[in-house]
Amino acid sequence: RDANNNLITSYNTDATISDTTGTVYESVAGDTTITFSGGIYSGNLHVTKAQAGVTITVTDGAISDGSAAFTVNPGVLDHFSVEAGAGGAIGDQVAGTAFDIDITAQDAYDNTVTGFTGEVDLSLSNAGTINPTDSGVFTAGVMNNLSVTIPGADTGVTIRVVIDGGTYGVDEDGESNSFDIAPGALAQFTFETQPGDPSVAGADIGVVVWARDANNNLITSYNTDATISDTTGTVY
């Protein structure tokens, strides 16, 4: 329109669109150009970030005007994000030591699906044990600071979640970043190869002993001397 609000029917030009979320586009993501014909643009725009008070602005050179404010709601549940309790990637952990994670229900554009109040099942990529295996009920699409414990040491593990009762890889699911789980502190020695029975006095008695933590993980970093003794007082 001109300064007097008249429709400029000769305006057959491209203009640029923008919005307060930074996600508006026309036909494909990143397409922020709209084409007028006879002074009118009529088409469908898309905003992918859920937010209240969104406005869309049309600009051509020095002329720029915005729409009325409106609300963009999240879409339907598409997947879950799994992060550290403080946000971001989950760091390396110690076997048997609890740590917090956040699980968020999200739509296809990573908006929080605030209407989700269900639960998810938890598992590990290595098929190991994680406790708990059920998240409990989400609040407004989020499970904050869920305390989990993984007793088994391993490398490159991920936490997987799937909607309660669902199948990972089929139903709405999600996966954390990969992280390592180190063994805990020394808690026990186990004889992996027991002394031969019977053995001969003074002869070699072959044994293999493993240093393990409280969850029975081999402590591969244990490169230390230990003391041996026996019930006869003569072992060496």
# chains A, B, ... in the order shown; residues from 1 in each chain; ligands from 1
call {"tool": "select_by_dssp", "arguments": {"residues": "stretch 3-236 of chain A", "states": "strand (DSSP E or B)", "output": "number ranges by chain"}}
result
A: 14-19, 25, 33-35, 37, 40, 46, 51-54, 56-60, 63-66, 70-72, 79-84, 93-94, 99-106, 112, 120-124, 131, 134, 139, 142-149, 154-157, 159-163, 173-175, 179-182, 188-193, 208-212, 218
call {"tool": "residues_around", "arguments": {"residues": "stretch 59-62 of chain A", "least_positions_apart": "5", "cutoff": "7 Å", "atoms": "only C-alpha atoms", "output": "compact mmCIF listing (two decimals) with N, CA, C and O atoms, in the first residue's frame"}}
result
# COMPACT_ATOMS: atom_id res chain seq x y z
N ALA A 15 9.45 -9.52 -1.94
CA ALA A 15 9.72 -8.90 -0.64
C ALA A 15 10.28 -9.98 0.29
O ALA A 15 10.17 -11.18 0.01
N THR A 16 10.87 -9.54 1.37
CA THR A 16 11.50 -10.47 2.32
C THR A 16 10.65 -10.59 3.57
O THR A 16 10.13 -9.61 4.09
N ILE A 17 10.53 -11.83 4.07
CA ILE A 17 9.81 -12.06 5.32
C ILE A 17 10.80 -12.42 6.43
O ILE A 17 11.84 -13.02 6.19
call {"tool": "residues_around", "arguments": {"residues": "A:Phe189", "least_positions_apart": "2", "cutoff": "9 Å", "atoms": "only C-alpha atoms", "output": "JSON list (two decimals) with all heavy atoms, in the first residue's frame"}}
result
[["chain", "number", "residue", "atom", "x", "y", "z"],
["A", 186, "LEU", "N", 38.24, -49.91, 43.99],
["A", 186, "LEU", "CA", 38.57, -51.29, 44.31],
["A", 186, "LEU", "C", 37.72, -51.77, 45.50],
["A", 186, "LEU", "O", 37.69, -51.13, 46.55],
["A", 186, "LEU", "CB", 40.05, -51.42, 44.65],
["A", 186, "LEU", "CG", 40.53, -52.80, 45.09],
["A", 186, "LEU", "CD1", 40.41, -53.79, 43.93],
["A", 186, "LEU", "CD2", 41.94, -52.73, 45.63],
["A", 187, "ALA", "N", 37.06, -52.90, 45.30],
["A", 187, "ALA", "CA", 36.21, -53.45, 46.36],
["A", 187, "ALA", "C", 36.50, -54.91, 46.64],
["A", 187, "ALA", "O", 36.15, -55.42, 47.70],
["A", 187, "ALA", "CB", 34.74, -53.26, 46.01],
["A", 191, "PHE", "N", 39.46, -64.73, 42.25],
["A", 191, "PHE", "CA", 40.34, -65.72, 41.62],
["A", 191, "PHE", "C", 39.64, -66.25, 40.37],
["A", 191, "PHE", "O", 38.70, -67.05, 40.46],
["A", 191, "PHE", "CB", 40.64, -66.86, 42.59],
["A", 191, "PHE", "CG", 41.71, -66.55, 43.60],
["A", 191, "PHE", "CD1", 41.44, -65.78, 44.71],
["A", 191, "PHE", "CD2", 43.01, -67.01, 43.41],
["A", 191, "PHE", "CE1", 42.42, -65.48, 45.63],
["A", 191, "PHE", "CE2", 44.01, -66.72, 44.33],
["A", 191, "PHE", "CZ", 43.71, -65.94, 45.45],
["A", 209, "VAL", "N", 44.17, -63.55, 39.17],
["A", 209, "VAL", "CA", 43.37, -62.75, 40.11],
["A", 209, "VAL", "C", 42.98, -61.44, 39.45],
["A", 209, "VAL", "O", 43.85, -60.77, 38.85],
["A", 209, "VAL", "CB", 44.16, -62.48, 41.41],
["A", 209, "VAL", "CG1", 43.30, -61.70, 42.40],
["A", 209, "VAL", "CG2", 44.65, -63.79, 42.02],
["A", 210, "TRP", "N", 41.73, -61.09, 39.54],
["A", 210, "TRP", "CA", 41.23, -59.83, 38.99],
["A", 210, "TRP", "C", 40.88, -58.86, 40.10],
["A", 210, "TRP", "O", 40.29, -59.26, 41.14],
["A", 210, "TRP", "CB", 39.98, -60.06, 38.13],
["A", 210, "TRP", "CG", 40.26, -60.66, 36.77],
["A", 210, "TRP", "CD1", 41.38, -61.29, 36.36],
["A", 210, "TRP", "CD2", 39.34, -60.67, 35.66],
["A", 210, "TRP", "NE1", 41.27, -61.70, 35.06],
["A", 210, "TRP", "CE2", 40.02, -61.34, 34.60],
["A", 210, "TRP", "CE3", 38.06, -60.20, 35.46],
["A", 210, "TRP", "CZ2", 39.42, -61.54, 33.35],
["A", 210, "TRP", "CZ3", 37.46, -60.40, 34.22],
["A", 210, "TRP", "CH2", 38.14, -61.05, 33.17],
["A", 211, "ALA", "N", 41.22, -57.59, 39.88],
["A", 211, "ALA", "CA", 40.80, -56.51, 40.78],
["A", 211, "ALA", "C", 39.45, -55.99, 40.28],
["A", 211, "ALA", "O", 39.32, -55.61, 39.11],
["A", 211, "ALA", "CB", 41.82, -55.39, 40.79],
["A", 212, "ARG", "N", 38.44, -55.96, 41.16],
["A", 212, "ARG", "CA", 37.09, -55.59, 40.73],
["A", 212, "ARG", "C", 36.51, -54.54, 41.67],
["A", 212, "ARG", "O", 36.90, -54.40, 42.83],
["A", 212, "ARG", "CB", 36.17, -56.81, 40.73],
["A", 212, "ARG", "CG", 36.54, -57.88, 39.69],
["A", 212, "ARG", "CD", 35.57, -59.04, 39.76],
["A", 212, "ARG", "NE", 35.87, -60.11, 38.83],
["A", 212, "ARG", "CZ", 35.37, -60.20, 37.59],
["A", 212, "ARG", "NH1", 34.55, -59.26, 37.14],
["A", 212, "ARG", "NH2", 35.67, -61.24, 36.83],
["A", 213, "ASP", "N", 35.50, -53.80, 41.14],
["A", 213, "ASP", "CA", 34.78, -52.85, 41.98],
["A", 213, "ASP", "C", 33.59, -53.55, 42.62],
["A", 213, "ASP", "O", 33.40, -54.77, 42.48],
["A", 213, "ASP", "CB", 34.36, -51.61, 41.17],
["A", 213, "ASP", "CG", 33.31, -51.91, 40.10],
["A", 213, "ASP", "OD1", 32.74, -53.02, 40.07],
["A", 213, "ASP", "OD2", 33.03, -51.01, 39.28]]
call {"tool": "atom_distance", "arguments": {"atom1": "atom CA of A:Gly85", "atom2": "atom CA of A:Met143"}}
result
9.7 Å
call {"tool": "closest_atom_pairs", "arguments": {"of": "stretch 112-159 of chain A", "to": "stretch 40-53 of chain A", "cutoff": "12 Å", "atoms": "only C-alpha atoms", "output": "JSON lines"}}
result
{"residue": "A:Thr112", "atom": "CA", "partner": "A:Ala50", "partner_atom": "CA", "distance": 8.2}
{"residue": "A:Val113", "atom": "CA", "partner": "A:Ala50", "partner_atom": "CA", "distance": 9.4}
{"residue": "A:Thr114", "atom": "CA", "partner": "A:Ala50", "partner_atom": "CA", "distance": 10.5}
call {"tool": "write_last_selection", "arguments": {"atoms": "all heavy atoms", "output": "short mmCIF file (atom, residue, chain, number, x, y, z; two decimals), in the first residue's frame"}}
result
data_model
loop_
_atom_site.label_atom_id
_atom_site.label_comp_id
_atom_site.auth_asym_id
_atom_site.auth_seq_id
_atom_site.Cartn_x
_atom_site.Cartn_y
_atom_site.Cartn_z
N THR A 112 9.36 -28.28 22.79
CA THR A 112 8.85 -29.10 23.89
C THR A 112 7.35 -29.29 23.74
O THR A 112 6.60 -28.32 23.63
CB THR A 112 9.16 -28.44 25.24
OG1 THR A 112 10.58 -28.30 25.38
CG2 THR A 112 8.62 -29.29 26.39
N VAL A 113 6.93 -30.54 23.75
CA VAL A 113 5.49 -30.86 23.65
C VAL A 113 4.94 -30.80 25.07
O VAL A 113 4.94 -31.79 25.81
CB VAL A 113 5.28 -32.24 23.01
CG1 VAL A 113 3.78 -32.54 22.89
CG2 VAL A 113 5.94 -32.30 21.65
N THR A 114 4.49 -29.62 25.47
CA THR A 114 4.09 -29.38 26.86
C THR A 114 2.88 -30.20 27.28
O THR A 114 2.64 -30.38 28.47
CB THR A 114 3.81 -27.89 27.08
OG1 THR A 114 2.83 -27.46 26.11
CG2 THR A 114 5.08 -27.07 26.90
#
call {"tool": "closest_residue", "arguments": {"among": "A:Asp204, A:Asp19, A:Asp2, A:Asp100", "to": "A:Ala84", "atoms": "only C-alpha atoms"}}
result
A:Asp100
call {"tool": "closest_residue", "arguments": {"among": "A:Gly87, A:Gly30, A:Gly174, A:Gly233", "to": "A:Asn144", "atoms": "only C-alpha atoms"}}
result
A:Gly87
call {"tool": "closest_residue", "arguments": {"among": "A:Gln93, A:Thr32, A:Ser123, A:Thr190", "to": "A:Ala153", "atoms": "only C-alpha atoms"}}
result
A:Gln93
call {"tool": "closest_residue", "arguments": {"among": "A:Ala68, A:Ile228, A:Ala140, A:Ile181", "to": "A:Ala95", "atoms": "only C-alpha atoms"}}
result
A:Ile181
call {"tool": "residues_around", "arguments": {"residues": "A:Thr193", "least_positions_apart": "5", "cutoff": "8 Å", "atoms": "only C-alpha atoms", "output": "JSON list (two decimals) with all heavy atoms, in the first residue's frame"}}
result
[["chain", "number", "residue", "atom", "x", "y", "z"],
["A", 206, "GLY", "N", 49.56, -72.07, 39.66],
["A", 206, "GLY", "CA", 49.12, -71.00, 38.77],
["A", 206, "GLY", "C", 47.75, -70.45, 39.16],
["A", 206, "GLY", "O", 46.80, -71.21, 39.38],
["A", 207, "VAL", "N", 47.68, -69.15, 39.27],
["A", 207, "VAL", "CA", 46.40, -68.49, 39.58],
["A", 207, "VAL", "C", 46.27, -67.23, 38.70],
["A", 207, "VAL", "O", 47.27, -66.70, 38.21],
["A", 207, "VAL", "CB", 46.28, -68.07, 41.07],
["A", 207, "VAL", "CG1", 46.30, -69.27, 41.98],
["A", 207, "VAL", "CG2", 47.38, -67.08, 41.44],
["A", 208, "VAL", "N", 45.03, -66.80, 38.49],
["A", 208, "VAL", "CA", 44.73, -65.51, 37.85],
["A", 208, "VAL", "C", 43.78, -64.77, 38.77],
["A", 208, "VAL", "O", 42.72, -65.29, 39.14],
["A", 208, "VAL", "CB", 44.10, -65.68, 36.46],
["A", 208, "VAL", "CG1", 43.71, -64.32, 35.88],
["A", 208, "VAL", "CG2", 45.05, -66.41, 35.52],
["A", 209, "VAL", "N", 44.17, -63.55, 39.17],
["A", 209, "VAL", "CA", 43.37, -62.75, 40.11],
["A", 209, "VAL", "C", 42.98, -61.44, 39.45],
["A", 209, "VAL", "O", 43.85, -60.77, 38.85],
["A", 209, "VAL", "CB", 44.16, -62.48, 41.41],
["A", 209, "VAL", "CG1", 43.30, -61.70, 42.40],
["A", 209, "VAL", "CG2", 44.65, -63.79, 42.02]]
call {"tool": "residues_around", "arguments": {"residues": "A:Val162", "least_positions_apart": "5", "cutoff": "10 Å", "atoms": "only C-alpha atoms", "output": "list in words"}}
result
His79, Phe80, Glu119, Val120, Asp121, Leu122, Ser123, Asp134, Thr167, Tyr168, Gly169, Val170, Asp171, Glu172, Asp173, Gly174 and Glu175 of chain A
call {"tool": "closest_residue", "arguments": {"among": "A:Thr234, A:Gly96, A:Thr55, A:Asn215", "to": "A:Gln188", "atoms": "only C-alpha atoms"}}
result
A:Asn215
call {"tool": "closest_residue", "arguments": {"among": "A:Thr97, A:Gly196, A:Ala185, A:Thr104", "to": "A:Asn217", "atoms": "only C-alpha atoms"}}
result
A:Ala185
call {"tool": "atom_distance", "arguments": {"atom1": "atom CA of A:Asp154", "atom2": "atom CA of A:Val142"}}
result
28.0 Å
call {"tool": "atom_distance", "arguments": {"atom1": "atom CA of A:Ala127", "atom2": "atom CA of A:Leu218"}}
result
18.2 Å
call {"tool": "residues_around", "arguments": {"residues": "A:Ala98", "least_positions_apart": "6", "cutoff": "9 Å", "atoms": "only C-alpha atoms", "output": "ChimeraX atom specification"}}
result
/A:147-150
